[in-house]
Structure formats: structure tokens, C-alpha cells
Amino acid sequence: MDNDFGWEKNVRKVVPYTPGEQPRETDIIKLNTNENPYPPCKEVRELLDGFDTYKMRLYPDPDAGVLVSALADFYRVDKEQVFVGVGSDDVISMIFMTFFNSDKPILFPDITYSFYDVWAEVYRIPYKRIPLDDDFRINADDYICENGGIIFPNPNAPTGVLESVEMIESILKENKDSVVVIDEAYIDFGGKSCLELVDKYDNLLVVQTFSKSRSMAGMRIGFAIGSKKLIRYLNDVKFSINSYTMNPLTQICGAAAVKDADHFNECTKKIIDTREKAKKELSELGFDFPDSSSNFIFARHKTMPAAEIFQKLKDRKIFVRYWNKPRISEYLRITIGTDEQMERLYEALREIIAL
């Protein structure tokens with residue numbers, strides 16, 4: 001039988017993004033997808049318990065006004081400078097679709113969030129991967145060239161390396177005809193945000209998420225802050241595709257999370273403190289790693305292959321992230337969990353390395 005269907009020649013074929021494994025077992029330690037080990041703030045939990053289900057039969061506010069207002073107040077910008085989406089993945093996808101339409105390639109690092117090249121392939125955007133140096137750092141001079149846009153995370157993923165605002169501004173100064181996107185998914189764990197540059201550069205978009213520091217990965221909330229003109233263009237595209245992307249429960253829970261600064265600060269401090277302890281523990285176990293400013297550590301062992309450690313941890317129901325890719329095949333990305341979870345990780349690593 002002939003399986004060569006004529007319609008397949010018109011299919012947009014891409015290699016999809018591979019997310020971190022989501023095990024179904026409950027008796028595991030999950031340190032592979034950079035989720036927050038602590039619950040969201042008390043008001044979010046109260047809203048979940050008391051939500052009026054009557055509202056679920058109505059369309060949500062397409063402008064997500066309650067959430068946009070909360071974000072604008074928290075970050076001290078105008079509401080017209082805030083764009084929200086269903087997770088930062090949705091926001092960045094919309095950015096690719098809206099702004100990266102040149103015949104020139106967009107630029108991003110060779111070691112970075114592995115969704116960028118997937119979006120570029122889906123939207124048929126030419127792109128170029130710019131190699132990080134041997135210390136996994138960005139060389140600003142590499143981004144002073146003809147391009148159709150620039151995007152990179154800060155801190156970078158999966159390396160955890162933080163670049164300075166000054167370095168990023170040097171890239172902005174040389175690329176005033178391109179939209180520059182700084183993906184700050186992990187900025188709340190010790191980095192300085194580029195938001196202070198938004199009013200200075202009308203081609204800058206700063207993207208953040210509720211998935212990491214605000215413990216709401218399951219609710220899917222992301223946002224971008226930029227000039228009013230950039231945000232207006234983003235909304236034009238969004239409202240041309242689907243106006244009702246964020247449900248009402250997510251909108252009010254997101255607003256509540258933004259307003260509870262005490263809970264936010266407490267959780268991020270816990271993770272930072274645990275991360276700093278983890279650096280010492282992993283070093284003593286024979287690991288080295290670039291200094292992390294995120295909620296994970298990107299580590300390699302000096303003698304034991306990463307793939308072997310990964311599998312032996314998995315056999316013990318401890319999940320970390322491993323990529324069999326050039327330049328990073330000897331590294332494991334280890335999410336920072338609770339102190340108790342990390343102690344169990346160290347204990348397992350001691351057993352594995354001693355074998």
C-alpha cells in the first residue's frame with residue numbers, strides 16, 4: 001500500500017521542543033524542570049478554594065486587566081507597557097511571530113533555551129546560533145552584526161550564568177534597528193533586571209514568568225514589559241489569533257501573587273540560601289560548575305560521566321536534567337529543591353560516586 005500521502009508535502013515539519021520528564025509517580029524527588037518547591041502565596045490558595053464557578057461559563061477579560069494592573073503597579077510602569085500570555089513560552093512565541101519577520105537571521109546563543117530554534121523553524125524565521133565562550137559567557141561583540149532580532153535568557157538556561165545590565169546595554173546600543181528580547185525567567189534568584197532600560201530603549205522587551213519564583217508553573221502566566229508601541233503591536237497580533245487566552249481564575253490568582261511581596265521574597269530567599277549551600281556540597285563531591293544566579297546548578301563531575309550519574313539518580317527516583325548535546329553532554333542541570341530534597345540528593349550522589 002502506498003503511504004506517500006500527497007498532502008504531506010504541505011505539512012510544516014519541525015523537530016519539537018523536548019520538555020523535562022514529568023514522572024507520574026509521587027514518591028520521587030523532582031529536580032529536573034526548575035519548578036519552585038514551595039507553594040504559592042496564601043491568597044492564591046484561598047482564591048482557588050473560593051472561586052465562583054459561575055464565572056467559568058463566561059468569557060474572560062481579553063485584556064486581563066486585573067493582572068496587567070497588578071504587574072504595572074509592582075514594576076512601576078504604565079499598563080500600556082505590559083503584555084501577558086499563557087506562560088512566557090506563549091509570550092515569546094507571540095514575539096517571534098510579531099517582530100521577527102526580516103529576511104535577516106535572528107541571533108541567540110548556541111547553548112540556551114532550546115525552544116528558540118523550534119519557534120524559528122515553526123515560523124520559518126532564519127536564525128544563527130552564536131557560540132558562548134569557554135566560560136559559557138556571551139561576547140557582546142558577536143551581536144554587533146546584521147540581524148533580524150536578538151533573544152537570550154539572563155541568567156542563561158541551562159548554564160545559570162548571569163550577564164550584567166551594562167553588557168546587555170552595549171548590545172542594545174548597537175542594535176537600535178532590531179527588537180532585542182531578554183528572557184528573564186530566572187532573574188528573581190539573584191540577578192539584576194534589565195527593566196530599568198525599557199524606557200531608554202524602545203526596541204527592548206523584557207520577558208518574565210510566574211513559573212519559577214512565584215510557584216505557579218501549572219497556571220501558565222508569562223508577561224513582557226516594553227515600550228507602548230511594542231506592546232501595542234503584540235496585542236494586535238494576539239487579538240488577531242485568540243482574544244481569550246487566559247482564564248479568569250488565572251488572572252485573579254496571578255494578581256494576588258504579585259501583590260504578596262512578603263511571600264515572594266521569603267520563597268526566593270529560601271531558594272537562594274539552599275543554592276549557595278548546594279554549591280559547597282557539590283564542590284565537595286567533585287563537581288564543578290559555572291556560578292549560578294538561577295534556581296538550578298549546571299554541574300559536571302570531574303571523573304564520572306554525566307549520563308551515568310543521571311541514570312543512577314533516576315534509578316533512585318531522583319530526577320535531574322541531562323542533554324546529550326555538543327559542549328554540554330557532561331553536565332547535569334540540577335533544580336534547587338527544599339533543603340530536605342537536596343540532602344537526599346547529596347546522599348545519593350555520595351553512594352553513586354563511591355561505587
# chains A, B, ... in the order shown; residues from 1 in each chain; ligands from 1

$ residues_around --residues "Phe152 (chain A)" --least-positions-apart "6" --cutoff "12 Å" --atoms "only C-alpha atoms" --output "PyMOL selection string"
chain A and resi 92+106-117+129-130+132+137-138+140+143+158+161-163+168+171+179-185+205-207

$ residues_around --residues "Leu48 (chain A)" --least-positions-apart "5" --cutoff "9 Å" --atoms "only C-alpha atoms" --output "VMD selection string"
chain A and resid 43 249 253

$ residues_around --residues "Glu80 (chain A)" --least-positions-apart "2" --cutoff "12 Å" --atoms "only C-alpha atoms" --output "list in words"
Asp63, Gly65, Val68, Ser69, Leu71, Ala72, Asp73, Arg76, Val77, Asp78, Val82, Phe83, Val84, Ala224, Ile225, Gly226, Ser227, Lys228, Lys229, Leu230, Ile231, Arg232, Tyr233, Leu234 and Asn235 of chain A

$ closest_residue --among "A:Ser88, A:Thr245, A:Asn156, A:Ser170" --to "Ser293 (chain A)" --atoms "only C-alpha atoms"
A:Asn156

$ atom_distance --atom1 "CA of Tyr244 (chain A)" --atom2 "CA of Ala256 (chain A)"
20.2 Å

$ select_by_dssp --residues "region 167-351 of chain A" --states "helix (DSSP H, G or I)" --output "MDAnalysis selection string"
chainID A and resid 167:173 187:189 194:197 217:219 228:241 248:259 261:284 306:315 339:351

$ residues_around --residues "Leu313 (chain A)" --least-positions-apart "3" --cutoff "12 Å" --atoms "only C-alpha atoms" --output "ChimeraX atom specification"
/A:28-32,306-310,316-322,332,334,344-353

$ atom_distance --atom1 "CA of Val237 (chain A)" --atom2 "CA of Tyr186 (chain A)"
26.6 Å

$ closest_residue --among "A:Lys104, A:Lys173, A:Arg124, A:Lys55" --to "Pro248 (chain A)" --atoms "only C-alpha atoms"
A:Lys55

$ closest_residue --among "A:Ser294, A:Gln22, A:Thr303, A:Thr250" --to "Val66 (chain A)" --atoms "only C-alpha atoms"
A:Thr250

$ select_by_dssp --residues "region 13-141 of chain A" --states "strand (DSSP E)" --output "ChimeraX atom specification"
/A:29-30,82-85,106-109,127-130

$ residues_around --residues "Tyr59 (chain A)" --least-positions-apart "2" --cutoff "8 Å" --atoms "only C-alpha atoms" --output "PDB file with C-alpha atoms, in the first residue's frame"
ATOM      1  CA  MET A  56     -16.277  29.830  34.230  1.00  0.00           C
ATOM      2  CA  ARG A  57     -19.219  29.904  31.811  1.00  0.00           C
ATOM      3  CA  ASP A  61     -11.472  39.627  30.226  1.00  0.00           C
ATOM      4  CA  TYR A 244      -9.482  34.927  25.261  1.00  0.00           C
ATOM      5  CA  ASN A 247      -8.927  32.193  32.079  1.00  0.00           C
TER       6      ASN A 247
END

$ closest_residue --among "A:Val14, A:Ile336, A:Met342, A:Ile125" --to "Thr268 (chain A)" --atoms "only C-alpha atoms"
A:Ile336

$ atom_distance --atom1 "CA of Gln81 (chain A)" --atom2 "CA of Ser93 (chain A)"
18.1 Å
